[in-house]
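Below is query_7.cif, which holds mmCIF, C-alpha atoms and all ligand atoms.
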data_entry
#
loop_
_atom_site.label_atom_id
_atom_site.label_comp_id
_atom_site.auth_asym_id
_atom_site.auth_seq_id
_atom_site.Cartn_x
_atom_site.Cartn_y
_atom_site.Cartn_z
CA MET A 1 -28.38 -0.93 3.76
CA ARG A 2 -25.25 0.43 2.15
CA ALA A 3 -21.99 -1.15 3.17
CA PHE A 4 -19.52 0.95 5.14
CA ARG A 5 -16.86 0.22 2.53
CA ASP A 6 -18.79 2.46 0.10
CA GLU A 7 -18.54 5.33 2.54
CA LEU A 8 -14.81 4.73 2.92
CA TRP A 9 -14.35 4.61 -0.86
CA ARG A 10 -16.22 7.93 -1.19
CA ALA A 11 -13.65 9.47 1.18
CA MET A 12 -10.84 8.32 -1.15
CA ASP A 13 -12.32 8.35 -4.63
CA GLY A 14 -11.17 11.86 -5.59
CA ILE A 15 -7.62 10.97 -4.52
CA TYR A 16 -7.78 7.59 -6.30
CA GLN A 17 -8.76 9.30 -9.57
CA GLN A 18 -5.72 11.56 -9.22
CA ILE A 19 -3.53 8.49 -8.63
CA LEU A 20 -4.76 6.83 -11.85
CA ALA A 21 -4.16 10.01 -13.82
CA HIS A 22 -0.63 10.47 -12.45
CA PRO A 23 2.10 10.25 -15.13
CA PHE A 24 3.79 7.49 -13.10
CA LEU A 25 0.82 5.18 -13.65
CA THR A 26 0.03 6.16 -17.21
CA GLY A 27 3.74 5.57 -17.95
CA LEU A 28 3.67 2.10 -16.34
CA THR A 29 1.11 0.77 -18.81
CA ASP A 30 2.36 2.39 -22.00
CA GLY A 31 5.90 1.35 -21.02
CA SER A 32 7.17 4.94 -21.28
CA LEU A 33 7.97 5.22 -17.57
CA PRO A 34 11.68 6.00 -17.28
CA LYS A 35 13.60 3.11 -15.67
CA GLU A 36 15.25 5.45 -13.16
CA VAL A 37 11.82 6.51 -11.93
CA PHE A 38 10.66 2.90 -11.39
CA ARG A 39 14.02 2.19 -9.77
CA HIS A 40 13.35 5.01 -7.31
CA PHE A 41 9.89 3.60 -6.63
CA VAL A 42 11.41 0.19 -5.85
CA LEU A 43 13.92 1.81 -3.52
CA GLN A 44 11.07 3.60 -1.71
CA GLU A 45 9.25 0.27 -1.42
CA ALA A 46 12.34 -1.38 0.05
CA HIS A 47 12.20 1.21 2.84
CA PHE A 48 8.41 1.30 3.20
CA LEU A 49 7.53 -2.42 3.21
CA PRO A 50 9.27 -3.32 6.50
CA ASP A 51 7.27 -0.55 8.23
CA TYR A 52 4.11 -1.73 6.48
CA ALA A 53 4.72 -5.32 7.62
CA ARG A 54 5.10 -4.15 11.22
CA ALA A 55 1.96 -2.02 10.96
CA LEU A 56 0.07 -5.14 9.76
CA ALA A 57 1.51 -7.08 12.70
CA ALA A 58 0.19 -4.35 15.05
CA CYS A 59 -3.27 -4.82 13.46
CA ALA A 60 -2.94 -8.55 14.20
CA VAL A 61 -2.24 -7.74 17.86
CA LYS A 62 -5.38 -5.59 18.10
CA ALA A 63 -7.68 -7.75 15.98
CA PRO A 64 -10.90 -8.76 17.80
CA ASP A 65 -11.03 -12.46 16.84
CA PRO A 66 -8.59 -15.30 15.99
CA ALA A 67 -9.48 -15.34 12.28
CA SER A 68 -8.58 -11.63 11.96
CA VAL A 69 -5.36 -12.14 13.95
CA GLN A 70 -4.45 -14.84 11.43
CA ARG A 71 -5.39 -12.65 8.47
CA PHE A 72 -3.17 -9.69 9.44
CA ALA A 73 -0.32 -11.89 10.69
CA ALA A 74 -0.37 -13.78 7.37
CA ASP A 75 -0.36 -10.51 5.41
CA ALA A 76 2.52 -9.20 7.52
CA ALA A 77 4.48 -12.36 6.62
CA ARG A 78 3.45 -12.05 2.96
CA THR A 79 4.64 -8.43 2.89
CA VAL A 80 8.07 -9.54 4.10
CA GLU A 81 8.08 -12.12 1.27
CA VAL A 82 7.15 -9.47 -1.30
CA GLU A 83 9.88 -7.24 0.07
CA HIS A 84 12.33 -10.09 -0.34
CA SER A 85 11.31 -10.85 -3.95
CA LEU A 86 11.55 -7.14 -4.66
CA HIS A 87 15.22 -7.43 -3.80
CA VAL A 88 15.73 -10.59 -5.80
CA GLU A 89 13.68 -9.66 -8.89
CA LEU A 90 13.92 -5.92 -9.08
CA LEU A 91 16.72 -4.35 -7.09
CA ASN A 92 19.20 -6.77 -8.66
CA ALA A 93 17.79 -6.02 -12.11
CA PHE A 94 18.49 -2.37 -11.40
CA GLY A 95 21.90 -3.09 -9.99
CA ILE A 96 20.93 -2.00 -6.48
CA GLY A 97 22.42 -4.46 -4.01
CA GLU A 98 20.83 -4.96 -0.58
CA ALA A 99 23.80 -3.17 0.99
CA GLU A 100 23.26 -0.12 -1.23
CA ALA A 101 19.53 -0.06 -0.48
CA ARG A 102 20.35 -0.11 3.22
CA ARG A 103 23.01 2.56 2.85
CA HIS A 104 20.62 4.91 1.08
CA PRO A 105 18.49 6.55 3.79
CA ALA A 106 14.71 6.30 3.41
CA PRO A 107 13.55 9.31 1.35
CA PRO A 108 11.12 11.76 3.05
CA THR A 109 7.73 10.53 1.78
CA ALA A 110 8.52 6.81 2.21
CA LEU A 111 9.71 7.53 5.76
CA GLY A 112 6.72 9.77 6.49
CA TYR A 113 4.19 7.28 5.15
CA GLY A 114 5.69 4.31 7.02
CA SER A 115 5.98 6.33 10.23
CA TYR A 116 2.38 7.50 9.96
CA LEU A 117 1.14 3.92 9.50
CA LEU A 118 3.11 2.68 12.50
CA ARG A 119 1.79 5.58 14.58
CA ALA A 120 -1.83 5.02 13.55
CA CYS A 121 -1.68 1.24 14.05
CA HIS A 122 0.21 1.35 17.36
CA LEU A 123 -1.46 4.32 19.06
CA GLY A 124 -4.97 3.90 17.65
CA THR A 125 -7.86 1.63 18.48
CA PHE A 126 -8.36 -1.38 16.19
CA ALA A 127 -10.93 0.64 14.19
CA GLU A 128 -8.46 3.52 13.76
CA ALA A 129 -5.73 1.09 12.73
CA LEU A 130 -8.12 -0.47 10.22
CA GLY A 131 -8.91 2.97 8.80
CA ALA A 132 -5.20 3.57 8.22
CA ILE A 133 -4.43 0.13 6.77
CA VAL A 134 -7.45 -0.60 4.51
CA PRO A 135 -6.55 1.98 1.82
CA CYS A 136 -3.05 0.43 1.49
CA TYR A 137 -4.72 -2.79 0.39
CA TRP A 138 -7.62 -1.32 -1.51
CA ILE A 139 -5.85 1.32 -3.55
CA TYR A 140 -3.17 -1.18 -4.66
CA ALA A 141 -5.85 -3.73 -5.54
CA ARG A 142 -7.78 -1.14 -7.59
CA VAL A 143 -4.64 0.19 -9.27
CA GLY A 144 -3.46 -3.38 -10.02
CA GLN A 145 -6.87 -4.23 -11.48
CA ALA A 146 -6.98 -1.09 -13.59
CA LEU A 147 -3.50 -1.78 -14.97
CA LEU A 148 -4.01 -5.53 -15.49
CA ASP A 149 -6.21 -5.07 -18.60
CA ARG A 150 -3.49 -3.17 -20.40
CA SER A 151 -0.60 -4.75 -18.46
CA SER A 152 2.77 -3.54 -19.73
CA PRO A 153 5.14 -4.42 -22.55
CA ASP A 154 7.92 -4.28 -19.98
CA PRO A 155 8.30 -7.63 -18.09
CA LEU A 156 9.47 -5.85 -14.93
CA TYR A 157 6.41 -3.62 -14.84
CA ALA A 158 4.18 -6.60 -15.78
CA TRP A 159 5.54 -8.56 -12.77
CA TRP A 160 4.59 -5.73 -10.46
CA ILE A 161 1.11 -5.38 -11.99
CA GLU A 162 0.47 -9.14 -11.64
CA THR A 163 1.40 -9.08 -7.92
CA TYR A 164 -1.40 -6.61 -7.13
CA GLY A 165 -3.85 -7.12 -10.01
CA GLY A 166 -3.76 -10.94 -9.75
CA GLU A 167 -6.49 -13.17 -8.29
CA GLU A 168 -4.69 -13.98 -5.02
CA TYR A 169 -4.25 -10.35 -3.94
CA GLN A 170 -7.79 -9.44 -5.05
CA GLU A 171 -9.16 -12.20 -2.76
CA THR A 172 -6.99 -11.02 0.14
CA VAL A 173 -8.40 -7.52 -0.19
CA ALA A 174 -12.01 -8.74 -0.52
CA GLY A 175 -11.58 -10.46 2.87
CA VAL A 176 -10.30 -7.28 4.52
CA LEU A 177 -13.25 -5.31 3.15
CA ASP A 178 -15.71 -7.88 4.57
CA LEU A 179 -14.01 -7.44 7.94
CA LEU A 180 -14.25 -3.64 7.61
CA ASP A 181 -18.03 -3.81 7.05
CA GLU A 182 -18.43 -6.17 10.00
CA VAL A 183 -16.38 -4.02 12.39
CA ALA A 184 -18.11 -0.79 11.30
CA GLU A 185 -21.49 -2.14 12.44
CA GLY A 186 -20.35 -1.92 16.07
CA LEU A 187 -18.86 1.61 15.87
CA THR A 188 -20.27 4.95 17.00
CA GLY A 189 -20.45 7.88 14.58
CA ASP A 190 -17.34 9.42 16.17
CA GLU A 191 -15.40 6.18 15.83
CA CYS A 192 -16.40 5.94 12.16
CA GLY A 193 -15.27 9.55 11.71
CA ARG A 194 -11.81 8.81 13.10
CA LEU A 195 -11.53 5.66 10.96
CA LEU A 196 -12.41 7.66 7.82
CA ALA A 197 -10.00 10.48 8.71
CA ASN A 198 -7.15 7.95 8.90
CA ALA A 199 -8.23 6.44 5.57
CA THR A 200 -8.07 9.87 3.93
CA THR A 201 -4.55 10.45 5.30
CA THR A 202 -3.41 7.09 3.95
CA ALA A 203 -4.95 7.78 0.52
CA ARG A 204 -3.06 11.09 0.41
CA TYR A 205 0.20 9.34 1.27
CA GLU A 206 -0.49 6.80 -1.49
CA TRP A 207 -0.69 9.62 -4.07
CA MET A 208 2.39 11.27 -2.55
CA PHE A 209 4.34 7.98 -2.73
CA TRP A 210 3.84 7.74 -6.53
CA ASP A 211 4.58 11.40 -6.93
CA ALA A 212 7.73 11.21 -4.79
CA ALA A 213 9.00 8.33 -6.97
CA TRP A 214 8.18 10.37 -10.09
CA ARG A 215 10.20 13.32 -8.74
CA ARG A 216 12.89 10.94 -7.48
CA GLU A 217 12.47 12.70 -4.19
CA ASP A 218 15.43 12.89 -1.86
CA TRP A 219 16.32 14.95 1.18
CA PRO A 220 16.74 18.58 0.02
CA VAL A 221 19.52 19.34 2.49
C1 LIG A 301 3.24 2.38 -0.96
C2 LIG A 301 2.54 1.07 -0.91
N1 LIG A 301 1.25 1.05 -0.51
C3 LIG A 301 0.56 -0.11 -0.47
C4 LIG A 301 1.17 -1.29 -0.82
C5 LIG A 301 0.38 -2.57 -0.80
O1 LIG A 301 1.07 -3.65 -0.45
C6 LIG A 301 2.52 -1.23 -1.21
N2 LIG A 301 3.20 -2.34 -1.58
N3 LIG A 301 3.17 -0.03 -1.25
C1 LIG A 302 0.88 -9.05 -1.93
C2 LIG A 302 0.34 -9.06 -0.57
N1 LIG A 302 -0.45 -10.06 -0.14
C3 LIG A 302 -0.87 -9.91 1.11
S1 LIG A 302 -0.32 -8.46 1.80
C4 LIG A 302 0.53 -8.05 0.40
C5 LIG A 302 1.24 -6.76 0.28
C6 LIG A 302 2.68 -6.84 0.13
O1 LIG A 302 3.10 -5.76 -0.63
#

Take the structure from the file and write it as structure tokens.
Ligand SMILES: Cc1ncc(CO)c(N)n1
Ligand SMILES: Cc1ncsc1CCO
Amino acid sequence: MRAFRDELWRAMDGIYQQILAHPFLTGLTDGSLPKEVFRHFVLQEAHFLPDYARALAACAVKAPDPASVQRFAADAARTVEVEHSLHVELLNAFGIGEAEARRHPAPPTALGYGSYLLRACHLGTFAEALGAIVPCYWIYARVGQALLDRSSPDPLYAWWIETYGGEEYQETVAGVLDLLDEVAEGLTGDECGRLLANATTTARYEWMFWDAAWRREDWPV
């Protein structure tokens, strides 16, 4: 029997290939990515990660068993930690203080993505929430892995790559994918369809998030 995760990956693979080919990611590994573009990405992350942490906490609330509650609650806490080290390691390196990051309103795609995740995880069933949240983990794990081989001559970019390409994060994501396969066994065809539709939306937002950073997207009016 094929695992459900393969079906979910098929729903995202075309989008994932476009993520890998995006000039933001090719620029990360050859070190040619302009600093102002990465700076904008970090600013987007500073706005997105608190929403992401709360979306993970909502998954913890809906999780069907204590081990899954613990998993999502731990990842929510870990996301807050990553958000904090982002401030310490990166925003300071770019001369963006916490006050400035707060003053700058969340740009459209970061706000849209975070709002979508909160909506899906709060209003959906656990399966629908899982569909929305799994690609966040999986795409970053795959991107991190793909970039780890080449890493980056830039220590800032290398730090970021290690966070997501490293062993610890890879193991975290493997656990979530095991849970996905387990949960999918008990779902109807319709429920699987809604889970996959959410996964596709998240994968699209993942591409858009890189692209928005690349364009240094801001509110047009
Ligand atoms: C936009 C985005 N998606 C996923 C992750 C994974 O943590 C992240 N840090 N940022
Ligand atoms: C690194 C990491 N580990 C668990 S969740 C998460 C995502 C924070 O960005």

Problem set entry | Residue neighbourhood region 87-101 of chain A, 9 Å, only C-alpha atoms, exclusion window fewer than 6 positions, as a ChimeraX atom specification | /A:35-36,39,42-43,46-47,156

Dump as JSON lines the rows for residues of chain A within 7 Å of ligand LIG 301 (chain A): closest atom pair and distance in Å with one decimal, only C-alpha atoms and all ligand atoms counted, ordered by chain and rising residue number.
{"residue": "A:Glu45", "atom": "CA", "partner": "A:LIG301", "partner_atom": "N3", "distance": 6.1}
{"residue": "A:Phe48", "atom": "CA", "partner": "A:LIG301", "partner_atom": "C1", "distance": 6.7}
{"residue": "A:Leu49", "atom": "CA", "partner": "A:LIG301", "partner_atom": "N2", "distance": 6.5}
{"residue": "A:Thr79", "atom": "CA", "partner": "A:LIG301", "partner_atom": "O1", "distance": 6.8}
{"residue": "A:Cys136", "atom": "CA", "partner": "A:LIG301", "partner_atom": "C3", "distance": 4.1}
{"residue": "A:Tyr137", "atom": "CA", "partner": "A:LIG301", "partner_atom": "C5", "distance": 5.2}
{"residue": "A:Tyr140", "atom": "CA", "partner": "A:LIG301", "partner_atom": "C5", "distance": 5.4}
{"residue": "A:Glu206", "atom": "CA", "partner": "A:LIG301", "partner_atom": "C1", "distance": 5.8}
{"residue": "A:Phe209", "atom": "CA", "partner": "A:LIG301", "partner_atom": "C1", "distance": 6.0}

Resulting file, chosen residues, C-alpha atoms, as a PDB file, in the coordinates of the input:
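This is the output file again.pdb:
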ATOM      1  CA  GLU A  45       9.250   0.270  -1.420  1.00  0.00           C
ATOM      2  CA  PHE A  48       8.410   1.300   3.200  1.00  0.00           C
ATOM      3  CA  LEU A  49       7.530  -2.420   3.210  1.00  0.00           C
ATOM      4  CA  THR A  79       4.640  -8.430   2.890  1.00  0.00           C
ATOM      5  CA  CYS A 136      -3.050   0.430   1.490  1.00  0.00           C
ATOM      6  CA  TYR A 137      -4.720  -2.790   0.390  1.00  0.00           C
ATOM      7  CA  TYR A 140      -3.170  -1.180  -4.660  1.00  0.00           C
ATOM      8  CA  GLU A 206      -0.490   6.800  -1.490  1.00  0.00           C
ATOM      9  CA  PHE A 209       4.340   7.980  -2.730  1.00  0.00           C
TER      10      PHE A 209
END

Using all atoms listed in the file, determine which residues fall within 9 Å of ligand LIG 302 (chain A), then list them as a CSV table (one decimal) with C-alpha atoms, in the frame of the given file.
chain,number,residue,atom,x,y,z
A,45,GLU,CA,9.2,0.3,-1.4
A,49,LEU,CA,7.5,-2.4,3.2
A,52,TYR,CA,4.1,-1.7,6.5
A,53,ALA,CA,4.7,-5.3,7.6
A,56,LEU,CA,0.1,-5.1,9.8
A,72,PHE,CA,-3.2,-9.7,9.4
A,74,ALA,CA,-0.4,-13.8,7.4
A,75,ASP,CA,-0.4,-10.5,5.4
A,76,ALA,CA,2.5,-9.2,7.5
A,77,ALA,CA,4.5,-12.4,6.6
A,78,ARG,CA,3.4,-12.0,3.0
A,79,THR,CA,4.6,-8.4,2.9
A,80,VAL,CA,8.1,-9.5,4.1
A,81,GLU,CA,8.1,-12.1,1.3
A,82,VAL,CA,7.2,-9.5,-1.3
A,83,GLU,CA,9.9,-7.2,0.1
A,136,CYS,CA,-3.0,0.4,1.5
A,137,TYR,CA,-4.7,-2.8,0.4
A,140,TYR,CA,-3.2,-1.2,-4.7
A,163,THR,CA,1.4,-9.1,-7.9
A,164,TYR,CA,-1.4,-6.6,-7.1
A,168,GLU,CA,-4.7,-14.0,-5.0
A,169,TYR,CA,-4.2,-10.4,-3.9
A,170,GLN,CA,-7.8,-9.4,-5.0
A,172,THR,CA,-7.0,-11.0,0.1
A,173,VAL,CA,-8.4,-7.5,-0.2

Exercise. Using all atoms listed in the file, which of the listed residues (A:Ile139, A:Leu147, A:Val69, A:Met12) sits closest to Thr26 (chain A)?
Worked result: A:Leu147

Seminar exercise, completed: CA of Thr125 (chain A) sits from CA of Arg204 (chain A) at a separation of 21.0 Å

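Distances to Ala106 (chain A) were evaluated for A:Pro34, A:Gly189, A:Pro50, A:Gly175 using all atoms listed in the file, and the minimum falls at A:Pro50.
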
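When all atoms listed in the file are used to measure the gap to Leu25 (chain A), the shortest distance among A:Leu177, A:Ala184, A:Ile161, A:Ala197 belongs to A:Ile161.
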
For this session: Quick one: pull the distance between CA of Leu86 (chain A) and CA of Phe38 (chain A), Å, one decimal.
Result: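 These atoms are spaced 12.1 Å apart.
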
For this session: Give the answer as one residue: which of A:Phe24, A:Thr29, A:Ala141, A:Leu117 has the shortest atom-to-atom distance to Ala158 (chain A), using all atoms listed in the file?
Result: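 Of A:Phe24, A:Thr29, A:Ala141, A:Leu117, the one nearest Ala158 (chain A), counting all atoms listed in the file, is A:Thr29.
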
For this session: For CA of Glu128 (chain A) and CA of Glu191 (chain A), quote the distance in Å rounded to one decimal.
Result: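 A separation of 7.7 Å between them.
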
For this session: Just the residues within 6 Å of region 129-134 of chain A, please, counting only C-alpha atoms, with nothing from its chain fewer than 2 positions along; format it as a PyMOL selection string.
Result: chain A and resi 120-121+124+126-127+136-137+195-196+198-199+202

For this session: Kindly provide, as an MDAnalysis selection string, the polymer residues lying within 12 Å of (-8.8, 10.4, -7.8), counting only C-alpha atoms and using the coordinates exactly as they appear in the file.
Result: chainID A and resid 9:22 139 142:143 200 203:204 206:207

Would you write out those residues with C-alpha atoms, as a tab-separated table (two decimals), in the frame of the given file?
chain	number	residue	atom	x	y	z
A	9	TRP	CA	-14.35	4.61	-0.86
A	10	ARG	CA	-16.22	7.93	-1.19
A	11	ALA	CA	-13.65	9.47	1.18
A	12	MET	CA	-10.84	8.32	-1.15
A	13	ASP	CA	-12.32	8.35	-4.63
A	14	GLY	CA	-11.17	11.86	-5.59
A	15	ILE	CA	-7.62	10.97	-4.52
A	16	TYR	CA	-7.78	7.59	-6.30
A	17	GLN	CA	-8.76	9.30	-9.57
A	18	GLN	CA	-5.72	11.56	-9.22
A	19	ILE	CA	-3.53	8.49	-8.63
A	20	LEU	CA	-4.76	6.83	-11.85
A	21	ALA	CA	-4.16	10.01	-13.82
A	22	HIS	CA	-0.63	10.47	-12.45
A	139	ILE	CA	-5.85	1.32	-3.55
A	142	ARG	CA	-7.78	-1.14	-7.59
A	143	VAL	CA	-4.64	0.19	-9.27
A	200	THR	CA	-8.07	9.87	3.93
A	203	ALA	CA	-4.95	7.78	0.52
A	204	ARG	CA	-3.06	11.09	0.41
A	206	GLU	CA	-0.49	6.80	-1.49
A	207	TRP	CA	-0.69	9.62	-4.07

Exercise. Smallest atom-to-atom distance to Leu33 (chain A): which of A:Tyr113, A:Trp138, A:Tyr205, A:Trp214, using all atoms listed in the file?
Worked result: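 Closest residue, counting all atoms listed in the file: A:Trp214.
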
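With all atoms listed in the file as the atoms that count, the minimum distance from Ser68 (chain A) to the choices A:Pro153, A:Arg216, A:Leu180, A:Val221 is reached by A:Leu180.
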